[in-house]
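Trainee: Got structure_32.txt for you, compact mmCIF, C-alpha atoms:
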```
# COMPACT_ATOMS: atom_id res chain seq x y z
CA MET A 236 -15.89 -7.79 -15.52
CA LEU A 237 -13.70 -10.08 -13.42
CA GLY A 238 -10.87 -7.54 -13.59
CA VAL A 239 -13.19 -4.86 -12.19
CA ALA A 240 -14.32 -7.13 -9.35
CA LEU A 241 -10.72 -8.06 -8.49
CA SER A 242 -9.66 -4.39 -8.49
CA LEU A 243 -12.43 -3.43 -6.07
CA LEU A 244 -11.62 -6.47 -3.93
CA SER A 245 -7.98 -5.40 -3.77
CA ALA A 246 -8.99 -1.88 -2.70
CA LEU A 247 -11.37 -3.21 -0.03
CA LEU A 248 -8.76 -5.62 1.34
CA PHE A 249 -6.09 -2.91 1.50
CA GLY A 250 -8.51 -0.62 3.32
CA GLY A 251 -9.27 -3.47 5.70
CA MET A 252 -5.56 -4.03 6.23
CA SER A 253 -5.13 -0.40 7.28
CA ILE A 254 -7.93 -0.67 9.83
CA ALA A 255 -6.62 -4.02 11.10
CA LEU A 256 -3.22 -2.36 11.60
CA GLY A 257 -4.95 0.27 13.71
CA PHE A 258 -6.22 -2.45 16.02
CA SER A 259 -2.79 -4.16 15.98
CA MET A 260 -1.10 -0.97 17.14
CA ARG A 261 -3.25 -1.03 20.26
CA ARG A 262 -1.58 -4.30 21.22
CA SER A 263 1.94 -3.59 19.95
CA ARG A 264 3.74 -0.36 19.00
CA ASP A 265 6.70 -2.16 17.43
CA ALA A 266 6.58 -0.88 13.83
CA GLU A 267 9.70 -2.74 12.68
CA VAL A 268 8.45 -6.15 13.79
CA GLY A 269 5.01 -5.18 12.47
CA GLY A 270 6.38 -4.36 9.03
CA PHE A 271 8.24 -7.66 8.83
CA VAL A 272 5.31 -9.78 10.02
CA THR A 273 2.77 -8.11 7.71
CA ALA A 274 5.09 -8.55 4.72
CA SER A 275 5.99 -12.17 5.50
CA SER A 276 2.34 -13.07 6.15
CA GLY A 277 1.43 -11.45 2.84
CA PHE A 278 4.11 -13.50 1.11
CA LEU A 279 2.48 -16.72 2.33
CA VAL A 280 -0.79 -15.72 0.65
CA CYS A 281 0.80 -14.82 -2.71
CA ALA A 282 3.07 -17.87 -2.65
CA ALA A 283 0.07 -20.12 -1.96
CA VAL A 284 -1.84 -18.62 -4.91
CA ALA A 285 1.19 -19.03 -7.17
CA ALA A 286 1.64 -22.64 -6.02
CA ILE A 287 -2.02 -23.49 -6.63
CA GLY A 288 -1.79 -22.06 -10.14
CA ARG A 289 1.62 -23.70 -10.70
CA GLU A 290 2.91 -20.34 -11.91
CA TRP A 291 6.64 -20.99 -11.99
CA GLY A 292 9.40 -19.99 -14.38
CA GLY A 293 11.04 -16.86 -15.76
CA ASN A 294 13.76 -14.45 -14.62
CA LEU A 295 12.84 -13.40 -11.07
CA TRP A 296 15.89 -11.29 -10.21
CA PRO A 297 14.50 -7.92 -11.42
CA PHE A 298 11.36 -8.44 -9.33
CA LEU A 299 13.40 -9.48 -6.30
CA LEU A 300 15.39 -6.25 -6.60
CA ALA A 301 12.21 -4.18 -6.99
CA GLY A 302 10.87 -5.72 -3.79
CA LEU A 303 13.70 -4.15 -1.78
CA LEU A 304 12.01 -0.78 -2.34
CA ALA A 305 8.47 -2.01 -1.76
CA PRO A 306 7.42 -3.76 0.30
CA GLY A 307 10.95 -3.75 1.77
CA ALA A 308 11.37 -0.25 3.15
CA ALA A 309 7.84 0.89 2.27
CA GLN A 310 5.99 -1.51 4.54
CA VAL A 311 7.86 -0.35 7.64
CA LEU A 312 7.06 3.26 6.72
CA PHE A 313 3.36 2.43 6.33
CA VAL A 314 3.21 0.71 9.71
CA LEU A 315 4.90 3.77 11.23
CA ALA A 316 2.37 6.00 9.45
CA VAL A 317 -0.56 4.05 10.92
CA ARG A 318 1.01 4.19 14.36
CA GLU A 319 1.58 7.95 14.30
CA ALA A 320 -1.34 9.25 12.19
CA GLY A 321 -3.95 6.49 12.38
CA PRO A 322 -5.13 4.11 9.64
CA ALA A 323 -7.70 6.41 7.98
CA ARG A 324 -5.36 9.40 7.60
CA ALA A 325 -2.40 7.25 6.54
CA SER A 326 -4.56 5.61 3.86
CA VAL A 327 -5.78 8.95 2.49
CA ILE A 328 -2.18 10.03 1.92
CA ALA A 329 -1.45 6.60 0.42
CA GLY A 330 -4.15 7.37 -2.14
CA ALA A 331 -1.77 9.89 -3.69
CA ALA A 332 0.18 7.01 -5.27
CA PRO A 333 -1.15 7.71 -8.82
CA LEU A 334 0.16 11.29 -8.60
CA VAL A 335 3.64 10.15 -7.57
CA ALA A 336 3.68 7.33 -10.12
CA VAL A 337 2.71 9.67 -12.95
CA THR A 338 5.28 12.27 -11.85
CA ILE A 339 8.00 9.62 -11.95
CA ALA A 340 6.77 8.39 -15.35
CA VAL A 341 6.75 11.92 -16.81
CA ILE A 342 10.24 12.75 -15.51
CA ALA A 343 12.02 9.41 -15.85
CA LEU A 344 10.13 7.71 -18.69
CA ASN A 345 9.26 10.82 -20.75
CA GLU A 346 5.54 10.06 -20.69
CA PRO A 347 3.37 13.00 -21.88
CA LEU A 348 1.69 15.28 -19.30
CA ARG A 349 -1.95 15.77 -20.29
CA ALA A 350 -4.61 18.10 -18.89
CA PRO A 351 -6.58 15.33 -17.07
CA LEU A 352 -3.39 14.28 -15.27
CA ALA A 353 -2.77 17.85 -14.13
CA ILE A 354 -6.37 18.18 -12.92
CA GLY A 355 -6.06 14.89 -11.06
CA ALA A 356 -2.87 16.15 -9.43
CA VAL A 357 -4.66 19.30 -8.27
CA LEU A 358 -7.49 17.22 -6.76
CA ILE A 359 -5.02 15.02 -4.86
CA VAL A 360 -3.13 18.04 -3.53
CA ALA A 361 -6.46 19.60 -2.49
CA GLY A 362 -7.32 16.39 -0.66
CA GLY A 363 -4.02 16.54 1.18
CA LEU A 364 -4.64 20.17 2.12
CA ALA A 365 -8.09 19.26 3.45
CA LEU A 366 -6.45 16.65 5.65
CA ILE A 367 -3.82 19.08 6.90
CA ALA A 368 -6.51 21.69 7.64
CA GLU A 369 -8.26 19.43 10.14
CA ARG A 370 -8.85 21.12 13.49
CA VAL A 371 -10.08 18.09 15.43
CA ARG A 372 -7.79 15.06 15.52
CA PRO A 373 -7.22 12.11 17.86
CA ASP A 374 -4.90 12.76 20.80
CA SER A 375 -2.59 10.07 19.43
CA PHE A 376 -2.19 11.85 16.06
CA ARG A 377 1.34 12.90 15.07
CA ALA A 378 1.95 14.84 11.84
CA ILE A 379 5.13 12.85 11.19
CA GLY A 380 2.81 9.95 10.37
CA LEU A 381 1.66 11.76 7.22
CA VAL A 382 5.32 12.16 6.22
CA PHE A 383 5.91 8.44 6.74
CA SER A 384 2.85 7.66 4.62
CA PHE A 385 4.02 9.88 1.76
CA GLY A 386 7.47 8.27 1.89
CA CYS A 387 5.75 4.91 1.58
CA VAL A 388 3.82 6.21 -1.44
CA VAL A 389 7.03 7.35 -3.17
CA LEU A 390 8.62 3.91 -2.70
CA PHE A 391 5.56 2.01 -3.90
CA ALA A 392 5.12 4.32 -6.91
CA THR A 393 8.78 3.86 -7.86
CA ARG A 394 8.38 0.10 -7.56
CA ASP A 395 5.22 0.20 -9.70
CA ASN A 396 7.02 2.02 -12.51
CA ILE A 397 9.88 -0.48 -12.38
CA VAL A 398 7.50 -3.45 -12.44
CA ARG A 399 5.48 -1.96 -15.33
CA HIS A 400 8.71 -1.54 -17.28
CA LEU A 401 9.74 -5.13 -16.53
CA ALA A 402 6.31 -6.55 -17.32
CA SER A 403 6.59 -5.51 -20.96
CA ASP A 404 9.29 -8.13 -21.56
CA THR A 405 9.01 -10.98 -19.07
CA THR A 406 7.65 -14.52 -18.87
CA VAL A 407 7.16 -14.31 -15.11
CA SER A 408 3.51 -14.76 -14.12
CA PRO A 409 1.75 -12.02 -12.09
CA GLN A 410 1.42 -14.05 -8.89
CA LEU A 411 5.01 -15.25 -9.01
CA ALA A 412 6.18 -11.66 -9.58
CA ALA A 413 4.08 -10.55 -6.59
CA ALA A 414 5.48 -13.30 -4.39
CA ALA A 415 9.06 -12.48 -5.48
CA THR A 416 8.77 -8.78 -4.60
CA ILE A 417 7.28 -9.58 -1.19
CA LEU A 418 9.91 -12.26 -0.50
CA SER A 419 12.84 -9.92 -1.09
CA GLY A 420 11.15 -7.12 0.85
CA SER A 421 10.45 -9.27 3.89
CA THR A 422 13.97 -10.72 3.70
CA LEU A 423 15.42 -7.19 3.79
CA MET A 424 13.31 -6.36 6.85
CA PHE A 425 14.38 -9.57 8.58
CA LEU A 426 18.09 -8.89 7.96
CA TYR A 427 17.63 -5.40 9.38
CA LEU A 428 15.99 -6.84 12.50
CA VAL A 429 18.81 -9.38 12.90
CA VAL A 430 21.39 -6.59 12.86
CA ALA A 431 19.37 -4.16 15.01
CA ARG A 432 17.95 -6.57 17.60
CA ARG A 433 20.47 -9.40 17.75
CA GLU A 434 19.99 -11.31 21.01
CA ARG A 435 16.48 -10.00 21.70
CA LEU A 436 15.00 -10.61 18.22
CA ALA A 437 13.49 -14.01 19.06
CA THR A 438 11.91 -12.58 22.20
CA ASP A 439 10.52 -9.54 20.34
CA LEU A 440 9.01 -11.74 17.65
CA ARG A 441 7.32 -13.97 20.22
CA ARG A 442 5.88 -10.98 22.06
CA GLU A 443 4.99 -8.63 19.21
CA ALA A 444 4.34 -10.70 16.05
CA LEU A 445 0.84 -12.13 16.57
CA PRO A 446 -1.17 -8.87 16.28
CA PHE A 447 0.25 -8.24 12.79
CA VAL A 448 -0.59 -11.60 11.22
CA LEU A 449 -4.18 -10.67 10.26
CA PRO A 450 -3.19 -7.35 8.61
CA GLY A 451 -0.50 -9.24 6.72
CA LEU A 452 -2.94 -11.84 5.43
CA LEU A 453 -5.33 -9.10 4.30
CA TRP A 454 -2.48 -7.24 2.61
CA GLY A 455 -1.29 -10.41 0.86
CA ALA A 456 -4.80 -11.13 -0.39
CA SER A 457 -5.02 -7.52 -1.63
CA TYR A 458 -1.69 -7.91 -3.42
CA ALA A 459 -2.77 -11.19 -5.03
CA SER A 460 -6.05 -9.65 -6.19
CA LEU A 461 -4.23 -6.62 -7.62
CA PHE A 462 -1.82 -8.66 -9.72
CA GLU A 463 -4.64 -10.87 -10.97
CA ALA A 464 -6.64 -7.76 -11.89
CA PHE A 465 -3.76 -6.37 -13.94
CA TYR A 466 -3.53 -9.75 -15.67
CA ARG A 467 -7.18 -9.60 -16.72
CA ALA A 468 -7.88 -5.89 -17.34
CA ARG A 469 -6.16 -2.77 -18.65
CA VAL A 470 -4.23 -0.50 -16.32
CA THR A 471 -6.67 2.30 -17.18
CA VAL A 472 -9.45 0.16 -15.69
CA VAL A 473 -7.60 -1.23 -12.66
CA SER A 474 -5.77 1.86 -11.39
CA PRO A 475 -8.80 4.12 -10.83
CA LEU A 476 -10.66 1.33 -9.02
CA VAL A 477 -7.73 0.42 -6.77
CA ALA A 478 -7.37 4.11 -5.84
CA THR A 479 -10.67 3.79 -3.96
CA GLU A 480 -8.81 2.06 -1.11
CA SER A 481 -8.55 5.45 0.62
CA LEU A 482 -12.32 5.78 0.63
CA PHE A 483 -12.78 2.20 1.83
CA SER A 484 -10.38 2.91 4.73
CA VAL A 485 -12.36 5.98 5.78
CA LEU A 486 -15.70 4.14 5.52
CA LEU A 487 -14.37 1.25 7.59
CA ALA A 488 -12.96 3.73 10.10
CA VAL A 489 -16.42 5.29 10.42
CA LEU A 490 -17.89 1.86 11.14
CA LEU A 491 -15.17 0.48 13.41
CA LEU A 492 -12.96 3.29 14.73
CA ARG A 493 -15.13 6.41 14.72
CA ARG A 494 -14.40 7.33 18.34
CA THR A 495 -10.66 6.83 18.21
CA GLU A 496 -10.11 8.10 14.66
CA LEU A 497 -12.46 11.12 14.99
CA VAL A 498 -13.66 10.92 11.41
CA GLY A 499 -14.84 14.40 10.48
CA ARG A 500 -15.74 16.45 7.42
CA HIS A 501 -12.17 17.30 6.44
CA LEU A 502 -11.13 13.64 6.47
CA VAL A 503 -14.10 12.55 4.33
CA VAL A 504 -13.63 15.45 1.88
CA GLY A 505 -9.91 14.73 1.68
CA ALA A 506 -10.55 11.06 0.92
CA VAL A 507 -13.10 11.89 -1.80
CA LEU A 508 -10.77 14.42 -3.47
CA VAL A 509 -7.79 12.04 -3.39
CA VAL A 510 -9.86 9.17 -4.81
CA ALA A 511 -11.28 11.44 -7.54
CA GLY A 512 -7.81 12.67 -8.46
CA GLY A 513 -6.38 9.15 -8.48
CA ALA A 514 -9.26 7.92 -10.63
CA LEU A 515 -8.77 10.75 -13.12
CA ILE A 516 -5.05 10.07 -13.38
CA GLY A 517 -5.62 6.35 -13.74
CA ALA A 518 -8.26 6.79 -16.42
CA PHE A 519 -6.17 9.06 -18.66
CA ARG A 520 -2.64 7.82 -18.03
```
Would you mind writing the file out in structure tokens?
Mentor:
Amino acid sequence: MLGVALSLLSALLFGGMSIALGFSMRRSRDAEVGGFVTASSGFLVCAAVAAIGREWGGNLWPFLLAGLLAPGAAQVLFVLAVREAGPARASVIAGAAPLVAVTIAVIALNEPLRAPLAIGAVLIVAGGLALIAERVRPDSFRAIGLVFSFGCVVLFATRDNIVRHLASDTTVSPQLAAAATILSGSTLMFLYLVVARRERLATDLRREALPFVLPGLLWGASYASLFEAFYRARVTVVSPLVATESLFSVLLAVLLLRRTELVGRHLVVGAVLVVAGGALIGAFR
């Protein structure tokens, strides 16, 4: 039961992070600084949980390398997606992660393709088509944001398959693994900023960092809850529940951003279809 509660908490927190990013983008449009600050703030949460539980030990290098993919490059893409498409629409596309993860597993890991997985894939694609078919969108909407969000999904799904493969033969605890992936990802983003910004990096961080701290803390708490859920419950239980983050994002957008996000029928239908498809894939994978 605790695994179920932690899975739903992770989904709710990730949905909240998406909405918080929407508010952050009103104060700062700097996606690169935003990606770094959200990742580094999330690291502080996971590191604190690992320190409290004294979860140390094991070979961390594989998890550090996995973190270069996500949250390394993926977090910047997600911040860009929220900036260009809005938090609700970016999160709906992010809900396609089970489809991408299963596709990678079928192709790269030779996992069997079953009928429920194919049906789930169809539902997710239908949800994406419902989103694309929207006629009324915010003036700030840019279709490239959906592309950024899907790129983020591919990176996270790849990372998930790598971590699942590593988890079968490791002594590293879940929270320490989570902290390691975030640490390497945020380090990669920081090195990129050092090269790209040079003399003005300190100034940019002072001016642009603060709005992204809250989304980062929410994301870190979501990450910590997710890893704890996987530690206490089967993947077939956790994955479908975590996939509801798309629906949580839309519901929160209705409550907090209805005017700016223009939440309509297509967006709600798209979210429901994506969540249903993700749940079906998670349940039968």
Trainee: So, with all atoms listed in the file as the atoms that count, which of A:Met260, A:Val489, A:Ile328, A:Ala286 lies closest to Ser375 of chain A?
Mentor: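 So, comparing all the options, the nearest one is A:Met260.
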Trainee: Return as AutoDock Vina command-line options the centre and edge lengths, in Å with one decimal, of the box along x, y and z that encloses every atom of segment 419-428 of chain A in the file, padded by 3 Å per side.
Mentor:
```
--center_x 14.3 --center_y -8.1 --center_z 5.7 --size_x 13.6 --size_y 11.3 --size_z 19.6
```
Trainee: How far is it from atom CA of Ala246 of chain A to atom CA of Ile359 of chain A, in Å with one decimal?
Mentor: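 Distance reported for this atom pair: 17.5 Å.
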Trainee: Of the residues A:Ala488, A:Leu304, A:Leu423, A:Leu418, which is the one nearest to Ser276 of chain A, using all atoms listed in the file?
Mentor: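 Distance minimum relative to Ser276 of chain A lands on A:Leu418.
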Trainee: Which one of A:Ser484, A:Thr406, A:Asn345, A:Ser275 sits closest to Pro322 of chain A if you count all atoms listed in the file?
Mentor: A:Ser484
Trainee: Of the residues A:Leu303, A:Leu390, A:Val429, A:Leu256, which is the one nearest to Arg318 of chain A, using all atoms listed in the file?
Mentor: A:Leu256
Trainee: Check the smallest atom-to-atom distance from each of A:Phe376, A:Phe271, A:Trp296, A:Phe249 to Leu453 of chain A using all atoms listed in the file, then report the winner.
Mentor: A:Phe249
Trainee: Suppose you want the space between atom CA of Gly292 of chain A and atom CA of Gln410 of chain A; what is it in Å?
Mentor: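 Result for atom CA of Gly292 of chain A versus atom CA of Gln410 of chain A: 11.4 Å, one decimal.
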Trainee: Could you tell me how far atom CA of Thr273 of chain A sits from atom CA of Val448 of chain A, in Å to one decimal place?
Mentor: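 That distance, rounded to one decimal, is 6.0 Å.
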Trainee: I'd like to know which of A:Val398, A:Leu334, A:Leu502, A:Leu491 is closest to Val360 of chain A, using all atoms listed in the file.
Mentor: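 Smallest separation from Val360 of chain A among the options: A:Leu334.
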Trainee: If you count only C-alpha atoms, which residues fall within 8 Å of segment 480-482 of chain A, apart from same-chain ones fewer than 4 positions away, as a list in words?
Mentor: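 Answer for this query is Ser245, Ala246, Leu247, Phe249, Gly250, Ala323, Ser326, Val327, Ile328, Ala329, Gly330, Leu486, Val503, Ala506, Val507, Val509 and Val510 of chain A.
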Trainee: Quick one: residues within 9 Å of Leu381 of chain A, only C-alpha atoms counted, chain neighbours fewer than 2 positions away excluded, as a list of chain:residue names?
Mentor: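 Within the cut-off, the hits are A:Ala316, A:Val317, A:Glu319, A:Ala320, A:Arg324, A:Ala325, A:Ile328, A:Arg377, A:Ala378, A:Ile379, A:Phe383, A:Ser384, A:Phe385, A:Gly386.
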Trainee: Excluding same-chain residues fewer than 4 positions from Leu241 of chain A, what lies within 8 Å of it counting only C-alpha atoms, as a PyMOL selection string?
Mentor: chain A and resi 237+245+460-461+463-464
Trainee: Can you tell me which residues surround Gly302 of chain A at a distance of at most 10 Å, considering only C-alpha atoms, apart from same-chain residues fewer than 2 positions away, and format the answer as a list in words?
Mentor: Trp296, Pro297, Phe298, Leu299, Leu300, Leu304, Ala305, Pro306, Gly307, Ala308, Ala309, Leu390, Phe391, Arg394, Val398, Ala412, Ala413, Ala414, Ala415, Thr416, Ile417, Leu418, Ser419, Gly420, Ser421, Thr422 and Leu423 of chain A
Trainee: With C-alpha atoms retained, export the selected residues as a PDB file, in the coordinates of the input.
Mentor:
```pdb
ATOM      1  CA  TRP A 296      15.890 -11.290 -10.210  1.00  0.00           C
ATOM      2  CA  PRO A 297      14.500  -7.920 -11.420  1.00  0.00           C
ATOM      3  CA  PHE A 298      11.360  -8.440  -9.330  1.00  0.00           C
ATOM      4  CA  LEU A 299      13.400  -9.480  -6.300  1.00  0.00           C
ATOM      5  CA  LEU A 300      15.390  -6.250  -6.600  1.00  0.00           C
ATOM      6  CA  LEU A 304      12.010  -0.780  -2.340  1.00  0.00           C
ATOM      7  CA  ALA A 305       8.470  -2.010  -1.760  1.00  0.00           C
ATOM      8  CA  PRO A 306       7.420  -3.760   0.300  1.00  0.00           C
ATOM      9  CA  GLY A 307      10.950  -3.750   1.770  1.00  0.00           C
ATOM     10  CA  ALA A 308      11.370  -0.250   3.150  1.00  0.00           C
ATOM     11  CA  ALA A 309       7.840   0.890   2.270  1.00  0.00           C
ATOM     12  CA  LEU A 390       8.620   3.910  -2.700  1.00  0.00           C
ATOM     13  CA  PHE A 391       5.560   2.010  -3.900  1.00  0.00           C
ATOM     14  CA  ARG A 394       8.380   0.100  -7.560  1.00  0.00           C
ATOM     15  CA  VAL A 398       7.500  -3.450 -12.440  1.00  0.00           C
ATOM     16  CA  ALA A 412       6.180 -11.660  -9.580  1.00  0.00           C
ATOM     17  CA  ALA A 413       4.080 -10.550  -6.590  1.00  0.00           C
ATOM     18  CA  ALA A 414       5.480 -13.300  -4.390  1.00  0.00           C
ATOM     19  CA  ALA A 415       9.060 -12.480  -5.480  1.00  0.00           C
ATOM     20  CA  THR A 416       8.770  -8.780  -4.600  1.00  0.00           C
ATOM     21  CA  ILE A 417       7.280  -9.580  -1.190  1.00  0.00           C
ATOM     22  CA  LEU A 418       9.910 -12.260  -0.500  1.00  0.00           C
ATOM     23  CA  SER A 419      12.840  -9.920  -1.090  1.00  0.00           C
ATOM     24  CA  GLY A 420      11.150  -7.120   0.850  1.00  0.00           C
ATOM     25  CA  SER A 421      10.450  -9.270   3.890  1.00  0.00           C
ATOM     26  CA  THR A 422      13.970 -10.720   3.700  1.00  0.00           C
ATOM     27  CA  LEU A 423      15.420  -7.190   3.790  1.00  0.00           C
TER      28      LEU A 423
END
```
